[in-house]
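Okay, start_0.tsv is below, TSV, N, CA, C and O atoms:
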chain	number	residue	atom	x	y	z
U	1	MET	N	132.45	91.61	148.80
U	1	MET	CA	132.37	90.73	147.66
U	1	MET	C	133.59	90.98	146.76
U	1	MET	O	133.98	92.11	146.53
U	2	GLU	N	134.16	89.90	146.27
U	2	GLU	CA	135.33	89.97	145.40
U	2	GLU	C	134.91	90.15	143.95
U	2	GLU	O	133.95	89.56	143.49
U	3	THR	N	135.65	91.01	143.25
U	3	THR	CA	135.40	91.23	141.83
U	3	THR	C	136.17	90.20	141.03
U	3	THR	O	137.35	89.96	141.28
U	4	ILE	N	135.51	89.61	140.05
U	4	ILE	CA	136.15	88.66	139.16
U	4	ILE	C	136.49	89.40	137.87
U	4	ILE	O	135.62	89.98	137.24
U	5	LYS	N	137.78	89.36	137.51
U	5	LYS	CA	138.23	90.03	136.29
U	5	LYS	C	138.52	88.95	135.25
U	5	LYS	O	139.20	87.98	135.53
U	6	THR	N	137.97	89.15	134.05
U	6	THR	CA	138.24	88.23	132.95
U	6	THR	C	138.76	89.04	131.76
U	6	THR	O	138.47	90.23	131.63
U	7	ALA	N	139.54	88.38	130.93
U	7	ALA	CA	140.03	89.01	129.70
U	7	ALA	C	140.33	87.91	128.69
U	7	ALA	O	140.79	86.84	129.06
U	8	SER	N	140.04	88.20	127.44
U	8	SER	CA	140.41	87.23	126.41
U	8	SER	C	141.90	87.37	126.11
U	8	SER	O	142.47	88.47	126.21
U	9	PHE	N	142.52	86.27	125.79
U	9	PHE	CA	143.95	86.28	125.48
U	9	PHE	C	144.22	87.21	124.30
U	9	PHE	O	145.20	87.96	124.30
U	10	GLU	N	143.33	87.22	123.33
U	10	GLU	CA	143.50	88.06	122.15
U	10	GLU	C	143.50	89.54	122.53
U	10	GLU	O	144.29	90.33	122.01
U	11	SER	N	142.61	89.94	123.44
U	11	SER	CA	142.56	91.35	123.83
U	11	SER	C	143.80	91.74	124.63
U	11	SER	O	144.28	92.87	124.54
U	12	LEU	N	144.33	90.82	125.41
U	12	LEU	CA	145.55	91.10	126.16
U	12	LEU	C	146.75	91.26	125.22
U	12	LEU	O	147.59	92.14	125.42
U	13	ILE	N	146.82	90.44	124.19
U	13	ILE	CA	147.91	90.53	123.22
U	13	ILE	C	147.89	91.90	122.53
U	13	ILE	O	148.94	92.47	122.25
U	14	GLU	N	146.70	92.44	122.29
U	14	GLU	CA	146.60	93.75	121.66
U	14	GLU	C	147.21	94.86	122.51
U	14	GLU	O	147.57	95.91	122.00
U	15	LEU	N	147.35	94.63	123.81
U	15	LEU	CA	147.94	95.62	124.71
U	15	LEU	C	149.47	95.63	124.63
U	15	LEU	O	150.10	96.57	125.11
U	16	ALA	N	150.05	94.60	124.02
U	16	ALA	CA	151.51	94.51	123.91
U	16	ALA	C	151.98	95.31	122.70
U	16	ALA	O	151.46	95.15	121.60
U	17	GLU	N	152.96	96.16	122.92
U	17	GLU	CA	153.54	96.95	121.84
U	17	GLU	C	154.94	96.42	121.55
U	17	GLU	O	155.76	96.31	122.46
U	18	GLU	N	155.18	96.14	120.28
U	18	GLU	CA	156.48	95.60	119.89
U	18	GLU	C	157.55	96.69	120.00
U	18	GLU	O	157.35	97.82	119.57
U	19	ASN	N	158.67	96.34	120.59
U	19	ASN	CA	159.80	97.26	120.74
U	19	ASN	C	160.70	97.17	119.52
U	19	ASN	O	160.90	96.08	118.98
U	20	PRO	N	161.27	98.29	119.07
U	20	PRO	CA	162.15	98.27	117.89
U	20	PRO	C	163.38	97.39	118.07
U	20	PRO	O	163.88	96.82	117.11
U	21	ASP	N	163.86	97.25	119.31
U	21	ASP	CA	165.06	96.45	119.55
U	21	ASP	C	164.73	95.01	119.97
U	21	ASP	O	165.60	94.28	120.43
U	22	GLY	N	163.49	94.62	119.81
U	22	GLY	CA	163.06	93.27	120.15
U	22	GLY	C	162.24	93.23	121.43
U	22	GLY	O	162.33	94.13	122.26
U	23	GLY	N	161.45	92.22	121.57
U	23	GLY	CA	160.60	92.09	122.73
U	23	GLY	C	159.38	92.99	122.66
U	23	GLY	O	159.09	93.60	121.62
U	24	TYR	N	158.67	93.09	123.77
U	24	TYR	CA	157.42	93.83	123.82
U	24	TYR	C	157.33	94.60	125.14
U	24	TYR	O	157.92	94.19	126.14
U	25	THR	N	156.57	95.68	125.11
U	25	THR	CA	156.18	96.37	126.33
U	25	THR	C	154.70	96.07	126.54
U	25	THR	O	153.89	96.29	125.65
U	26	PHE	N	154.38	95.55	127.70
U	26	PHE	CA	153.02	95.16	128.03
U	26	PHE	C	152.60	95.91	129.29
U	26	PHE	O	153.30	95.86	130.30
U	27	VAL	N	151.48	96.63	129.21
U	27	VAL	CA	150.98	97.40	130.35
U	27	VAL	C	149.63	96.83	130.75
U	27	VAL	O	148.72	96.70	129.92
U	28	LEU	N	149.50	96.50	132.03
U	28	LEU	CA	148.24	95.97	132.56
U	28	LEU	C	147.99	96.59	133.92
U	28	LEU	O	148.86	96.55	134.81
U	29	ASP	N	146.83	97.19	134.10
U	29	ASP	CA	146.42	97.81	135.36
U	29	ASP	C	147.47	98.80	135.86
U	29	ASP	O	147.75	98.89	137.05
U	30	GLY	N	148.09	99.55	134.95
U	30	GLY	CA	149.05	100.56	135.32
U	30	GLY	C	150.46	100.06	135.55
U	30	GLY	O	151.36	100.86	135.81
U	31	SER	N	150.68	98.76	135.47
U	31	SER	CA	152.02	98.19	135.63
U	31	SER	C	152.59	97.86	134.26
U	31	SER	O	151.91	97.27	133.43
U	32	SER	N	153.85	98.25	134.05
U	32	SER	CA	154.50	98.03	132.76
U	32	SER	C	155.50	96.87	132.88
U	32	SER	O	156.24	96.78	133.86
U	33	TYR	N	155.52	96.02	131.85
U	33	TYR	CA	156.41	94.86	131.82
U	33	TYR	C	157.15	94.83	130.50
U	33	TYR	O	156.57	95.10	129.45
U	34	GLN	N	158.43	94.49	130.54
U	34	GLN	CA	159.24	94.24	129.35
U	34	GLN	C	159.29	92.73	129.19
U	34	GLN	O	159.82	92.04	130.07
U	35	ILE	N	158.71	92.22	128.12
U	35	ILE	CA	158.64	90.78	127.91
U	35	ILE	C	159.28	90.41	126.59
U	35	ILE	O	159.38	91.24	125.68
U	36	GLU	N	159.72	89.18	126.47
U	36	GLU	CA	160.34	88.70	125.24
U	36	GLU	C	159.33	88.03	124.31
U	36	GLU	O	159.50	88.02	123.11
U	37	ASP	N	158.29	87.43	124.89
U	37	ASP	CA	157.33	86.66	124.11
U	37	ASP	C	155.93	86.94	124.64
U	37	ASP	O	155.72	87.01	125.86
U	38	VAL	N	154.96	87.08	123.74
U	38	VAL	CA	153.59	87.39	124.16
U	38	VAL	C	152.97	86.26	124.99
U	38	VAL	O	151.98	86.49	125.69
U	39	LEU	N	153.56	85.08	124.98
U	39	LEU	CA	153.03	83.99	125.79
U	39	LEU	C	153.21	84.27	127.29
U	39	LEU	O	152.55	83.65	128.12
U	40	GLU	N	154.07	85.20	127.64
U	40	GLU	CA	154.25	85.59	129.04
U	40	GLU	C	153.05	86.37	129.58
U	40	GLU	O	152.87	86.48	130.80
U	41	ILE	N	152.24	86.91	128.69
U	41	ILE	CA	151.11	87.75	129.08
U	41	ILE	C	150.12	87.00	129.96
U	41	ILE	O	149.59	87.56	130.93
U	42	SER	N	149.86	85.77	129.66
U	42	SER	CA	148.89	84.98	130.43
U	42	SER	C	149.30	84.89	131.90
U	42	SER	O	148.47	85.08	132.80
U	43	ALA	N	150.56	84.62	132.17
U	43	ALA	CA	151.03	84.50	133.55
U	43	ALA	C	150.95	85.85	134.27
U	43	ALA	O	150.57	85.91	135.45
U	44	ILE	N	151.26	86.93	133.57
U	44	ILE	CA	151.17	88.27	134.17
U	44	ILE	C	149.73	88.59	134.53
U	44	ILE	O	149.44	89.06	135.64
U	45	ALA	N	148.81	88.33	133.60
U	45	ALA	CA	147.39	88.60	133.86
U	45	ALA	C	146.88	87.77	135.04
U	45	ALA	O	146.12	88.27	135.88
U	46	THR	N	147.32	86.54	135.15
U	46	THR	CA	146.91	85.68	136.26
U	46	THR	C	147.40	86.26	137.59
U	46	THR	O	146.66	86.27	138.58
U	47	ARG	N	148.61	86.76	137.62
U	47	ARG	CA	149.14	87.39	138.84
U	47	ARG	C	148.36	88.63	139.23
U	47	ARG	O	148.28	89.00	140.40
U	48	HIS	N	147.75	89.28	138.24
U	48	HIS	CA	146.92	90.46	138.50
U	48	HIS	C	145.49	90.06	138.86
U	48	HIS	O	144.64	90.94	139.04
U	49	GLY	N	145.21	88.77	138.95
U	49	GLY	CA	143.89	88.31	139.36
U	49	GLY	C	142.90	88.10	138.23
U	49	GLY	O	141.71	87.93	138.48
U	50	TYR	N	143.38	88.07	137.00
U	50	TYR	CA	142.49	87.86	135.85
U	50	TYR	C	142.32	86.37	135.57
U	50	TYR	O	143.24	85.58	135.77
U	51	ILE	N	141.15	86.04	135.09
U	51	ILE	CA	140.91	84.73	134.49
U	51	ILE	C	141.04	84.94	132.99
U	51	ILE	O	140.30	85.76	132.41
U	52	VAL	N	141.98	84.27	132.37
U	52	VAL	CA	142.25	84.46	130.94
U	52	VAL	C	141.43	83.46	130.16
U	52	VAL	O	141.46	82.27	130.42
U	53	ILE	N	140.69	83.97	129.19
U	53	ILE	CA	139.84	83.14	128.32
U	53	ILE	C	140.53	83.01	126.98
U	53	ILE	O	140.90	84.00	126.35
U	54	TYR	N	140.70	81.76	126.55
U	54	TYR	CA	141.41	81.49	125.28
U	54	TYR	C	140.46	81.28	124.15
U	54	TYR	O	139.47	80.80	124.14

Represent the structure of the file as structure tokens.
Amino acid sequence: METIKTASFESLIELAEENPDGGYTFVLDGSSYQIEDVLEISAIATRHGYIVIY
């Protein structure tokens, strides 16, 4: 049986830490991403198999 992972967009944004030199560091399921805009988080979560709830 497949596990369905869900997360609210707001909770995912809370995982992003703003970098002093601009952009954000976002960590999900042990993988770290350097992103420029928090709107990128939704696509990353989808690639990890999450259903994002807005």

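Inside chain U, the residues DSSP reads as alpha helix (DSSP H) when given the backbone are Phe9, Glu10, Ser11, Leu12, Ile13, Glu14, Ile41, Ser42, Ala43, Ile44, Ala45, Thr46 and Arg47 of chain U.
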
Please provide the set of residues having any atom within 8 Å of U:Ile4, restricted to only N, CA, C and O atoms, with same-chain residues fewer than 2 positions apart removed, written as a PDB file with N, CA, C and O atoms, keeping the file's coordinate frame.
ATOM      1  N   MET U   1     132.450  91.610 148.800  1.00  0.00           N
ATOM      2  CA  MET U   1     132.370  90.730 147.660  1.00  0.00           C
ATOM      3  C   MET U   1     133.590  90.980 146.760  1.00  0.00           C
ATOM      4  O   MET U   1     133.980  92.110 146.530  1.00  0.00           O
ATOM      5  N   GLU U   2     134.160  89.900 146.270  1.00  0.00           N
ATOM      6  CA  GLU U   2     135.330  89.970 145.400  1.00  0.00           C
ATOM      7  C   GLU U   2     134.910  90.150 143.950  1.00  0.00           C
ATOM      8  O   GLU U   2     133.950  89.560 143.490  1.00  0.00           O
ATOM      9  N   THR U   6     137.970  89.150 134.050  1.00  0.00           N
ATOM     10  CA  THR U   6     138.240  88.230 132.950  1.00  0.00           C
ATOM     11  C   THR U   6     138.760  89.040 131.760  1.00  0.00           C
ATOM     12  O   THR U   6     138.470  90.230 131.630  1.00  0.00           O
ATOM     13  N   ALA U   7     139.540  88.380 130.930  1.00  0.00           N
ATOM     14  CA  ALA U   7     140.030  89.010 129.700  1.00  0.00           C
ATOM     15  C   ALA U   7     140.330  87.910 128.690  1.00  0.00           C
ATOM     16  O   ALA U   7     140.790  86.840 129.060  1.00  0.00           O
ATOM     17  N   GLY U  49     145.210  88.770 138.950  1.00  0.00           N
ATOM     18  CA  GLY U  49     143.890  88.310 139.360  1.00  0.00           C
ATOM     19  C   GLY U  49     142.900  88.100 138.230  1.00  0.00           C
ATOM     20  O   GLY U  49     141.710  87.930 138.480  1.00  0.00           O
ATOM     21  N   TYR U  50     143.380  88.070 137.000  1.00  0.00           N
ATOM     22  CA  TYR U  50     142.490  87.860 135.850  1.00  0.00           C
ATOM     23  C   TYR U  50     142.320  86.370 135.570  1.00  0.00           C
ATOM     24  O   TYR U  50     143.240  85.580 135.770  1.00  0.00           O
ATOM     25  N   ILE U  51     141.150  86.040 135.090  1.00  0.00           N
ATOM     26  CA  ILE U  51     140.910  84.730 134.490  1.00  0.00           C
ATOM     27  C   ILE U  51     141.040  84.940 132.990  1.00  0.00           C
ATOM     28  O   ILE U  51     140.300  85.760 132.410  1.00  0.00           O
TER      29      ILE U  51
END

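Comparing the minimum interatomic distances between U:Glu36 and each of U:Ile53, U:His48, U:Glu14, U:Gly23, counting only C-alpha atoms, we find that U:Gly23 sits nearest.
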
Between atom N of U:Phe9 and atom CA of U:Thr46 - distance in Å to one decimal: 11.4 Å

All strand (DSSP E) residues (DSSP, backbone) inside chain U, as a PyMOL selection string: chain U and resi 5-8+16-18+24-28+31-35+50-53

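Here atom C of U:Tyr54 and atom O of U:Ser11 stand 12.2 Å from one another.
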
Put a box with edges along x, y and z around all the listed atoms of stretch 5-17 of chain U, pad it by 4 Å on each side, then give me its centre and sizes in Å, one decimal, as lines of an AutoDock Vina configuration file.
center_x = 146.8
center_y = 91.6
center_z = 129.5
size_x = 26.0
size_y = 18.7
size_z = 24.0

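Note that atom O of U:Ile35 and atom CA of U:Gly22 are 6.9 Å apart.
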
Coords for stretch 12-25 of chain U, N, CA, C and O atoms, as an mmCIF file, in the first residue's frame:
data_model
loop_
_atom_site.group_PDB
_atom_site.id
_atom_site.type_symbol
_atom_site.label_atom_id
_atom_site.label_comp_id
_atom_site.auth_asym_id
_atom_site.auth_seq_id
_atom_site.Cartn_x
_atom_site.Cartn_y
_atom_site.Cartn_z
ATOM 1 N N LEU U 12 4.880 24.265 5.050
ATOM 2 C CA LEU U 12 6.088 24.104 4.250
ATOM 3 C C LEU U 12 6.900 25.397 4.219
ATOM 4 O O LEU U 12 8.132 25.372 4.299
ATOM 5 N N ILE U 13 6.226 26.534 4.123
ATOM 6 C CA ILE U 13 6.920 27.825 4.115
ATOM 7 C C ILE U 13 7.683 28.025 5.425
ATOM 8 O O ILE U 13 8.776 28.582 5.429
ATOM 9 N N GLU U 14 7.137 27.540 6.530
ATOM 10 C CA GLU U 14 7.813 27.671 7.817
ATOM 11 C C GLU U 14 9.140 26.919 7.848
ATOM 12 O O GLU U 14 10.013 27.229 8.657
ATOM 13 N N LEU U 15 9.323 25.937 6.970
ATOM 14 C CA LEU U 15 10.564 25.180 6.905
ATOM 15 C C LEU U 15 11.673 25.936 6.174
ATOM 16 O O LEU U 15 12.837 25.556 6.259
ATOM 17 N N ALA U 16 11.308 26.991 5.457
ATOM 18 C CA ALA U 16 12.293 27.773 4.698
ATOM 19 C C ALA U 16 12.949 28.799 5.622
ATOM 20 O O ALA U 16 12.273 29.534 6.329
ATOM 21 N N GLU U 17 14.272 28.816 5.602
ATOM 22 C CA GLU U 17 15.024 29.782 6.397
ATOM 23 C C GLU U 17 15.644 30.807 5.462
ATOM 24 O O GLU U 17 16.331 30.438 4.506
ATOM 25 N N GLU U 18 15.411 32.068 5.767
ATOM 26 C CA GLU U 18 15.939 33.141 4.925
ATOM 27 C C GLU U 18 17.451 33.232 5.080
ATOM 28 O O GLU U 18 17.980 33.197 6.188
ATOM 29 N N ASN U 19 18.144 33.334 3.961
ATOM 30 C CA ASN U 19 19.604 33.466 3.957
ATOM 31 C C ASN U 19 19.986 34.938 4.037
ATOM 32 O O ASN U 19 19.318 35.780 3.445
ATOM 33 N N PRO U 20 21.063 35.262 4.749
ATOM 34 C CA PRO U 20 21.480 36.665 4.877
ATOM 35 C C PRO U 20 21.828 37.318 3.540
ATOM 36 O O PRO U 20 21.649 38.513 3.374
ATOM 37 N N ASP U 21 22.304 36.523 2.584
ATOM 38 C CA ASP U 21 22.688 37.077 1.285
ATOM 39 C C ASP U 21 21.577 36.964 0.242
ATOM 40 O O ASP U 21 21.805 37.171 -0.941
ATOM 41 N N GLY U 22 20.381 36.646 0.685
ATOM 42 C CA GLY U 22 19.232 36.537 -0.208
ATOM 43 C C GLY U 22 18.840 35.093 -0.456
ATOM 44 O O GLY U 22 19.639 34.180 -0.293
ATOM 45 N N GLY U 23 17.617 34.892 -0.824
ATOM 46 C CA GLY U 23 17.109 33.556 -1.063
ATOM 47 C C GLY U 23 16.804 32.821 0.231
ATOM 48 O O GLY U 23 16.818 33.401 1.322
ATOM 49 N N TYR U 24 16.548 31.532 0.106
ATOM 50 C CA TYR U 24 16.143 30.715 1.241
ATOM 51 C C TYR U 24 16.812 29.349 1.161
ATOM 52 O O TYR U 24 17.149 28.873 0.074
ATOM 53 N N THR U 25 16.968 28.728 2.323
ATOM 54 C CA THR U 25 17.356 27.332 2.392
ATOM 55 C C THR U 25 16.114 26.564 2.833
ATOM 56 O O THR U 25 15.507 26.892 3.850
#
